[in-house]
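Text of upload_14.txt, listed as compact mmCIF, C-alpha atoms (C1' of nucleotides):
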```txt
# COMPACT_ATOMS: atom_id res chain seq x y z
CA MET A 1 97.70 88.52 103.45
CA GLU A 2 96.87 85.40 105.43
CA THR A 3 98.18 82.02 104.42
CA ASN A 4 95.23 79.90 105.43
CA THR A 5 93.62 77.66 102.87
CA ASP A 6 90.51 79.76 102.47
CA ASN A 7 92.48 82.82 101.51
CA ILE A 8 94.65 80.90 99.07
CA ARG A 9 91.60 79.43 97.43
CA GLN A 10 90.10 82.89 97.17
CA GLN A 11 93.18 84.40 95.60
CA MET A 12 93.43 81.67 93.02
CA ARG A 13 89.86 82.14 91.96
CA LYS A 14 90.47 85.68 90.91
CA GLY A 15 89.98 86.05 87.20
CA PHE A 16 88.20 82.73 86.77
CA LEU A 17 84.71 83.90 87.41
CA GLU A 18 84.22 85.27 83.94
CA TYR A 19 85.36 81.97 82.47
CA CYS A 20 83.02 79.99 84.71
CA ILE A 21 80.04 82.20 84.01
CA LEU A 22 80.49 81.98 80.26
CA SER A 23 80.75 78.20 80.64
CA LEU A 24 77.47 77.96 82.51
CA LEU A 25 75.66 80.27 80.11
CA GLU A 26 76.90 78.32 77.13
CA LYS A 27 74.91 75.36 78.42
CA GLU A 28 71.77 77.20 79.48
CA ASP A 29 70.37 80.72 79.75
CA SER A 30 70.25 81.62 83.43
CA TYR A 31 69.39 84.36 85.87
CA PRO A 32 71.85 85.52 88.52
CA THR A 33 70.52 83.55 91.47
CA GLN A 34 70.61 80.44 89.31
CA LEU A 35 74.22 81.16 88.34
CA ILE A 36 75.22 81.53 91.98
CA GLN A 37 73.69 78.12 92.63
CA GLY A 38 75.37 76.54 89.61
CA LEU A 39 78.76 77.92 90.56
CA LYS A 40 78.35 76.70 94.11
CA GLU A 41 77.58 73.20 92.88
CA ALA A 42 80.72 73.25 90.75
CA GLY A 43 82.77 74.19 93.81
CA MET A 44 83.00 77.95 93.44
CA THR A 45 81.08 80.09 95.89
CA VAL A 46 80.27 83.60 94.66
CA VAL A 47 78.29 86.36 96.34
CA GLU A 48 75.90 88.83 94.73
CA GLY A 49 78.17 91.83 95.17
CA THR A 50 80.71 90.05 92.98
CA LEU A 51 78.35 88.62 90.40
CA TYR A 52 76.15 91.57 89.51
CA PRO A 53 78.90 94.01 88.53
CA LEU A 54 80.61 91.22 86.59
CA LEU A 55 77.48 90.40 84.58
CA ILE A 56 77.03 94.08 83.81
CA ARG A 57 80.62 94.33 82.62
CA GLN A 58 80.25 91.28 80.41
CA LYS A 59 76.99 92.59 78.99
CA ASN A 60 78.54 96.01 78.29
CA ASN A 61 81.35 94.27 76.46
CA GLY A 62 78.92 92.40 74.24
CA LEU A 63 79.65 88.95 75.67
CA LEU A 64 76.16 88.56 77.10
CA SER A 65 72.64 89.75 76.44
CA TYR A 66 69.59 89.46 78.66
CA ARG A 67 65.83 89.38 78.62
CA TRP A 68 63.24 89.69 81.39
CA VAL A 69 61.21 86.60 82.21
CA GLU A 70 58.32 86.52 84.64
CA SER A 71 58.78 84.28 87.65
CA PRO A 72 56.13 81.78 88.84
CA GLN A 73 56.40 83.59 92.17
CA GLY A 74 58.20 86.82 93.02
CA PRO A 75 59.73 89.55 90.89
CA PRO A 76 60.77 88.99 87.26
CA ARG A 77 64.10 87.37 86.49
CA LYS A 78 66.85 88.69 84.28
CA PHE A 79 67.86 85.79 82.04
CA TYR A 80 71.30 86.13 80.52
CA SER A 81 72.37 84.53 77.23
CA ILE A 82 75.84 84.14 75.79
CA THR A 83 76.39 86.02 72.52
CA PRO A 84 78.58 84.99 69.56
CA LYS A 85 81.22 87.34 70.93
CA GLY A 86 80.86 85.63 74.28
CA LYS A 87 81.39 82.24 72.67
CA ALA A 88 84.52 83.52 70.98
CA ALA A 89 85.77 84.78 74.36
CA LEU A 90 85.02 81.38 75.86
CA GLU A 91 87.27 79.71 73.31
CA GLU A 92 90.04 82.12 74.21
CA TYR A 93 89.53 81.27 77.86
CA ASP A 94 89.84 77.58 77.03
CA GLN A 95 93.15 78.28 75.36
CA ALA A 96 94.37 80.48 78.23
CA TRP A 97 93.36 77.81 80.73
CA LYS A 98 95.30 75.20 78.83
CA GLU A 99 98.40 77.33 78.77
CA LEU A 100 98.13 78.12 82.45
CA SER A 101 97.74 74.43 83.24
CA ASP A 102 100.89 73.73 81.26
CA THR A 103 102.76 76.41 83.18
CA ILE A 104 101.70 75.02 86.55
CA GLY A 105 102.49 71.52 85.33
CA THR A 106 105.98 72.60 84.37
CA LEU A 107 106.64 74.38 87.64
CA ARG A 108 105.19 71.66 89.88
CA ASN A 109 106.46 68.71 87.84
CA PHE A 110 102.97 67.30 87.44
CA MET B 1 87.76 95.13 79.86
CA GLU B 2 89.05 93.93 76.51
CA THR B 3 88.39 90.43 75.32
CA ASN B 4 91.59 89.81 73.44
CA THR B 5 93.68 86.79 74.29
CA ASP B 6 96.42 88.74 75.99
CA ASN B 7 94.04 90.31 78.45
CA ILE B 8 92.34 87.03 79.20
CA ARG B 9 95.66 85.40 79.88
CA GLN B 10 96.55 88.26 82.15
CA GLN B 11 93.33 88.05 84.11
CA MET B 12 93.68 84.35 84.65
CA ARG B 13 97.18 84.72 85.95
CA LYS B 14 96.05 86.87 88.83
CA GLY B 15 96.67 85.10 92.08
CA PHE B 16 98.97 82.48 90.59
CA LEU B 17 102.20 84.37 90.91
CA GLU B 18 102.66 83.56 94.55
CA TYR B 19 102.15 79.88 93.80
CA CYS B 20 104.64 79.96 90.95
CA ILE B 21 107.27 81.84 92.93
CA LEU B 22 107.07 79.44 95.85
CA SER B 23 107.40 76.58 93.36
CA LEU B 24 110.58 77.99 91.85
CA LEU B 25 112.11 78.78 95.22
CA GLU B 26 111.38 75.30 96.49
CA LYS B 27 113.75 73.99 93.83
CA GLU B 28 116.47 76.61 94.16
CA ASP B 29 117.27 79.82 96.03
CA SER B 30 117.03 82.67 93.53
CA TYR B 31 117.32 86.41 93.16
CA PRO B 32 114.52 88.44 91.54
CA THR B 33 116.00 88.77 88.05
CA GLN B 34 116.53 85.02 88.03
CA LEU B 35 112.92 84.44 89.07
CA ILE B 36 111.67 86.65 86.25
CA GLN B 37 113.69 84.55 83.84
CA GLY B 38 112.47 81.27 85.32
CA LEU B 39 108.84 82.36 85.18
CA LYS B 40 109.26 83.47 81.58
CA GLU B 41 110.66 80.09 80.62
CA ALA B 42 107.66 78.39 82.23
CA GLY B 43 105.33 80.57 80.19
CA MET B 44 104.48 83.33 82.63
CA THR B 45 105.89 86.77 81.94
CA VAL B 46 106.18 89.04 84.99
CA VAL B 47 107.61 92.54 85.30
CA GLU B 48 109.65 93.99 88.13
CA GLY B 49 106.90 96.27 89.39
CA THR B 50 104.82 93.17 90.05
CA LEU B 51 107.52 90.93 91.45
CA TYR B 52 109.26 93.16 93.98
CA PRO B 53 106.22 94.09 96.06
CA LEU B 54 105.09 90.47 95.97
CA LEU B 55 108.43 89.17 97.29
CA ILE B 56 108.32 91.77 100.05
CA ARG B 57 104.80 90.68 100.99
CA GLN B 58 105.79 87.03 101.06
CA LYS B 59 108.87 87.81 103.14
CA ASN B 60 106.83 89.91 105.59
CA ASN B 61 104.45 87.00 105.97
CA GLY B 62 107.26 84.63 106.82
CA LEU B 63 107.03 82.55 103.64
CA LEU B 64 110.44 83.64 102.41
CA SER B 65 113.76 84.81 103.79
CA TYR B 66 116.68 86.36 101.95
CA ARG B 67 120.42 86.89 102.12
CA TRP B 68 122.74 89.17 100.15
CA VAL B 69 125.19 87.48 97.80
CA GLU B 70 127.92 89.27 95.86
CA SER B 71 127.63 89.11 92.11
CA PRO B 72 130.57 88.23 89.83
CA GLN B 73 129.83 91.53 88.16
CA GLY B 74 127.47 94.29 89.19
CA PRO B 75 125.67 95.05 92.44
CA PRO B 76 124.96 92.35 95.04
CA ARG B 77 121.98 90.06 94.61
CA LYS B 78 119.19 89.41 97.06
CA PHE B 79 118.79 85.63 97.19
CA TYR B 80 115.43 84.46 98.45
CA SER B 81 114.82 81.11 100.18
CA ILE B 82 111.57 79.40 100.97
CA THR B 83 110.88 78.92 104.70
CA PRO B 84 109.06 76.04 106.41
CA LYS B 85 105.98 78.27 106.52
CA GLY B 86 106.43 78.88 102.80
CA LYS B 87 106.55 75.14 102.15
CA ALA B 88 103.35 74.69 104.10
CA ALA B 89 101.74 77.42 102.02
CA LEU B 90 102.95 75.68 98.87
CA GLU B 91 101.13 72.52 99.89
CA GLU B 92 97.98 74.51 100.40
CA TYR B 93 98.40 76.01 96.94
CA ASP B 94 98.74 72.51 95.50
CA GLN B 95 95.45 71.59 97.10
CA ALA B 96 93.74 74.79 95.95
CA TRP B 97 95.03 74.26 92.42
CA LYS B 98 93.65 70.74 92.37
CA GLU B 99 90.24 71.90 93.51
CA LEU B 100 90.18 74.70 90.97
CA SER B 101 91.13 72.27 88.21
CA ASP B 102 88.26 70.05 89.26
CA THR B 103 85.86 73.00 89.13
CA ILE B 104 86.95 73.98 85.64
CA GLY B 105 86.83 70.35 84.57
CA THR B 106 83.25 70.09 85.79
CA LEU B 107 82.14 73.28 84.09
CA ARG B 108 83.92 72.63 80.80
CA ASN B 109 83.27 68.87 80.70
CA PHE B 110 86.97 68.11 80.43
C1' DT C 1 48.08 96.21 105.49
C1' DA C 2 51.86 94.03 107.29
C1' DT C 3 55.25 90.37 106.70
C1' DA C 4 58.11 87.08 104.32
C1' DG C 5 60.41 85.43 100.34
C1' DT C 6 62.66 86.25 96.11
C1' DA C 7 65.26 89.03 93.09
C1' DC C 8 68.06 92.80 91.35
C1' DC C 9 71.47 96.44 92.35
C1' DT C 10 74.98 100.00 94.55
C1' DT C 11 78.54 101.89 97.59
C1' DG C 12 82.88 101.90 99.86
C1' DC C 13 87.02 99.35 100.85
C1' DA C 14 91.10 96.45 100.22
C1' DA C 15 94.19 93.83 97.44
C1' DT C 16 97.15 93.61 93.55
C1' DA C 17 99.26 93.81 88.76
C1' DC C 18 101.33 97.02 85.89
C1' DA C 19 103.54 101.21 83.60
C1' DA C 20 106.82 104.35 84.42
C1' DG C 21 110.48 106.15 86.64
C1' DG C 22 114.23 106.24 90.26
C1' DT C 23 118.65 104.80 92.91
C1' DA C 24 122.90 102.26 93.46
C1' DT C 25 126.91 99.16 92.28
C1' DG C 26 130.74 97.63 89.43
C1' DA C 27 133.22 97.05 84.95
C1' DT C 28 134.96 99.24 80.77
C1' DG C 29 136.71 102.80 77.72
C1' DT C 30 138.89 107.34 77.11
C1' DA D 1 139.71 110.74 86.98
C1' DC D 2 135.48 110.57 84.61
C1' DA D 3 131.74 109.15 81.62
C1' DT D 4 129.09 105.33 80.11
C1' DC D 5 126.90 101.01 80.20
C1' DA D 6 124.94 96.88 82.24
C1' DT D 7 123.02 94.90 86.13
C1' DA D 8 120.13 94.98 90.10
C1' DC D 9 116.94 96.58 93.55
C1' DC D 10 112.92 99.52 94.61
C1' DT D 11 108.77 103.06 94.66
C1' DT D 12 104.76 105.71 93.06
C1' DG D 13 100.41 106.27 90.90
C1' DT D 14 96.57 104.10 88.44
C1' DA D 15 93.09 100.74 87.09
C1' DT D 16 90.76 96.60 88.00
C1' DT D 17 88.14 93.67 90.69
C1' DG D 18 86.15 90.79 94.56
C1' DC D 19 83.67 91.40 98.73
C1' DA D 20 80.95 93.07 102.89
C1' DA D 21 77.18 95.56 103.79
C1' DG D 22 73.18 97.67 102.79
C1' DG D 23 69.30 99.16 99.69
C1' DT D 24 65.09 98.81 96.42
C1' DA D 25 61.24 96.40 94.33
C1' DC D 26 57.77 92.79 93.18
C1' DT D 27 54.50 88.98 94.65
C1' DA D 28 52.07 85.96 97.69
C1' DT D 29 50.16 85.05 102.21
C1' DA D 30 48.37 85.89 106.78
```
Taking this structure as input, can you express it in the form of structure tokens?
Amino acid sequence: METNTDNIRQQMRKGFLEYCILSLLEKEDSYPTQLIQGLKEAGMTVVEGTLYPLLIRQKNNGLLSYRWVESPQGPPRKFYSITPKGKAALEEYDQAWKELSDTIGTLRNF
Amino acid sequence: METNTDNIRQQMRKGFLEYCILSLLEKEDSYPTQLIQGLKEAGMTVVEGTLYPLLIRQKNNGLLSYRWVESPQGPPRKFYSITPKGKAALEEYDQAWKELSDTIGTLRNF
DNA sequence: TATAGTACCTTGCAATACAAGGTATGATGT
DNA sequence: ACATCATACCTTGTATTGCAAGGTACTATA
């Protein structure tokens, strides 16, 4: 376990990817490469080997669905949509985030 | 992967324990049972099987040191202190927390 | 037909939180 | 002296999950 900033940032991110992905998909149906781009713009770099298994897990749990859409150039894209169950999960994540923020606020005297 | 609130809260917590422990120890030297109590009061329940290995990791990385202190009743207590390296790590955690908050704020339109 | 670009996916590894159980010390009651 | 209880520290095995690395497939272009 290193203590450099990169590693700390990485550790903290754990568990937030699902929340972030549901957030992006609530705004707009997207395919994986698009999600990677969107997450990067929001300040959270994710690689394919992390994203694909996560999307599959979320889909298997009924939080997401997908459909194939032809691309203007290249292979077809797998567009993911958030389901009603996914939206319910997103609300729970909002609540969990709020509570975690309160906890950190208490401990750090923010 | 369940989607109930408890599980979501648990997932989100991952990676934050080190930050929270350093925060508590910055205020006051503590022994593990005391840390578990302090974390619980701040809204973050942790069990022994999680805490002990984590303290050992942090100590092995030079973030913490400890000394034995006799208890008024019962076996001696292992009081942990934060080291200069631990304080530096805490500052990095503050920065990482801020960046993560910004990311969530961007994605959730907070 | 070969190459490049885009896109989706899998395998193996390392880190870590937890459930469950274990060991040791000191006070109290019989 | 001995059993019991409360406190305290610690370990083992399991499941989850993020990542590095590598693989497969479709389409357009030279």
Could the residues of chain D within 12 Å of chain A, counting all atoms listed in the file, be given as a PDB file with C-alpha atoms (C1' of nucleotides), in the frame of the given file, please?
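Writing done, so here's result.pdb:
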```pdb
ATOM      1  C1'  DT D  16      90.760  96.600  88.000  1.00  0.00           C
ATOM      2  C1'  DT D  17      88.140  93.670  90.690  1.00  0.00           C
ATOM      3  C1'  DG D  18      86.150  90.790  94.560  1.00  0.00           C
ATOM      4  C1'  DC D  19      83.670  91.400  98.730  1.00  0.00           C
ATOM      5  C1'  DA D  20      80.950  93.070 102.890  1.00  0.00           C
ATOM      6  C1'  DA D  21      77.180  95.560 103.790  1.00  0.00           C
ATOM      7  C1'  DG D  22      73.180  97.670 102.790  1.00  0.00           C
ATOM      8  C1'  DA D  25      61.240  96.400  94.330  1.00  0.00           C
ATOM      9  C1'  DC D  26      57.770  92.790  93.180  1.00  0.00           C
ATOM     10  C1'  DT D  27      54.500  88.980  94.650  1.00  0.00           C
ATOM     11  C1'  DA D  28      52.070  85.960  97.690  1.00  0.00           C
ATOM     12  C1'  DT D  29      50.160  85.050 102.210  1.00  0.00           C
TER      13       DT D  29
END
```
Restricting the calculation to all atoms listed in the file: of D:DC5, D:DA15, D:DC10, D:DA30, which residue gets closest to C:DA19?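 The closest residue to C:DA19 is D:DA15.
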Define the interface residues of chain A facing chain B as those within 8 Å, counting only C-alpha atoms, and report them as a PyMOL selection string. chain A and resi 1-5+8-9+11-16+20+23-24+42-44+57+61+89+92-93+96-97+99-100+103-104+106-108
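Of the listed residues (A:Ile36, A:Lys78, A:Arg67, A:Phe110), A:Lys78 comes nearest to chain C; the distances count only C-alpha atoms (C1' of nucleotides).
One distance worth recording is that between atom C1' of D:DA6 and atom CA of B:Asp29, which is 23.2 Å.
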What does the structure give for the distance between atom CA of B:Phe79 and atom CA of B:Ser30, in Å to one decimal?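 So the two atoms, atom CA of B:Phe79 and atom CA of B:Ser30, lie 5.0 Å apart.
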Please return, as a ChimeraX atom specification, all residues of chain C lying within 12 Å of chain A when only C-alpha atoms (C1' of nucleotides) are considered. /C:4-11,14-16
By how many Å are atom CA of A:Leu64 and atom CA of A:Ile82 apart?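 These two atoms are separated by 4.6 Å.
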Selected residue of minimal separation from A:Trp68 among A:Ile56, A:Lys98, A:Leu25, A:Ser81, counting all atoms listed in the file: A:Ser81
Can you fill out stretch 60-82 of chain A with N, CA and C atoms and hand it back as a tab-separated table (two decimals), keeping the file's coordinate frame?
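That gives us result_2.tsv:
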```tsv
chain	number	residue	atom	x	y	z
A	60	ASN	N	78.07	94.77	78.94
A	60	ASN	CA	78.54	96.01	78.29
A	60	ASN	C	79.62	95.73	77.26
A	61	ASN	N	80.32	94.63	77.42
A	61	ASN	CA	81.35	94.27	76.46
A	61	ASN	C	80.82	93.39	75.34
A	62	GLY	N	79.52	93.15	75.35
A	62	GLY	CA	78.92	92.40	74.24
A	62	GLY	C	79.05	90.90	74.36
A	63	LEU	N	79.50	90.40	75.50
A	63	LEU	CA	79.65	88.95	75.67
A	63	LEU	C	78.33	88.30	76.04
A	64	LEU	N	77.45	89.09	76.64
A	64	LEU	CA	76.16	88.56	77.10
A	64	LEU	C	75.04	89.50	76.66
A	65	SER	N	73.84	88.93	76.57
A	65	SER	CA	72.64	89.75	76.44
A	65	SER	C	71.65	89.24	77.49
A	66	TYR	N	70.56	89.95	77.68
A	66	TYR	CA	69.59	89.46	78.66
A	66	TYR	C	68.17	89.79	78.23
A	67	ARG	N	67.24	89.08	78.82
A	67	ARG	CA	65.83	89.38	78.62
A	67	ARG	C	65.11	89.13	79.95
A	68	TRP	N	64.01	89.87	80.16
A	68	TRP	CA	63.24	89.69	81.39
A	68	TRP	C	62.25	88.56	81.21
A	69	VAL	N	62.16	87.71	82.23
A	69	VAL	CA	61.21	86.60	82.21
A	69	VAL	C	60.45	86.61	83.52
A	70	GLU	N	59.12	86.52	83.42
A	70	GLU	CA	58.32	86.52	84.64
A	70	GLU	C	58.57	85.25	85.45
A	71	SER	N	58.57	85.41	86.76
A	71	SER	CA	58.78	84.28	87.65
A	71	SER	C	57.44	83.70	88.07
A	72	PRO	N	57.38	82.37	88.31
A	72	PRO	CA	56.13	81.78	88.84
A	72	PRO	C	55.74	82.40	90.17
A	73	GLN	N	56.73	82.86	90.93
A	73	GLN	CA	56.40	83.59	92.17
A	73	GLN	C	57.55	84.55	92.49
A	74	GLY	N	57.20	85.81	92.73
A	74	GLY	CA	58.20	86.82	93.02
A	74	GLY	C	58.45	87.71	91.83
A	75	PRO	N	59.44	88.59	91.96
A	75	PRO	CA	59.73	89.55	90.89
A	75	PRO	C	60.29	88.88	89.65
A	76	PRO	N	60.26	89.58	88.50
A	76	PRO	CA	60.77	88.99	87.26
A	76	PRO	C	62.26	88.71	87.33
A	77	ARG	N	62.69	87.78	86.50
A	77	ARG	CA	64.10	87.37	86.49
A	77	ARG	C	64.79	87.86	85.23
A	78	LYS	N	66.06	88.17	85.38
A	78	LYS	CA	66.85	88.69	84.28
A	78	LYS	C	67.66	87.53	83.70
A	79	PHE	N	67.16	86.94	82.63
A	79	PHE	CA	67.86	85.79	82.04
A	79	PHE	C	68.96	86.26	81.10
A	80	TYR	N	70.15	85.79	81.37
A	80	TYR	CA	71.30	86.13	80.52
A	80	TYR	C	71.55	85.03	79.50
A	81	SER	N	71.97	85.46	78.30
A	81	SER	CA	72.37	84.53	77.23
A	81	SER	C	73.77	84.88	76.77
A	82	ILE	N	74.51	83.89	76.35
A	82	ILE	CA	75.84	84.14	75.79
A	82	ILE	C	75.68	84.55	74.33
```
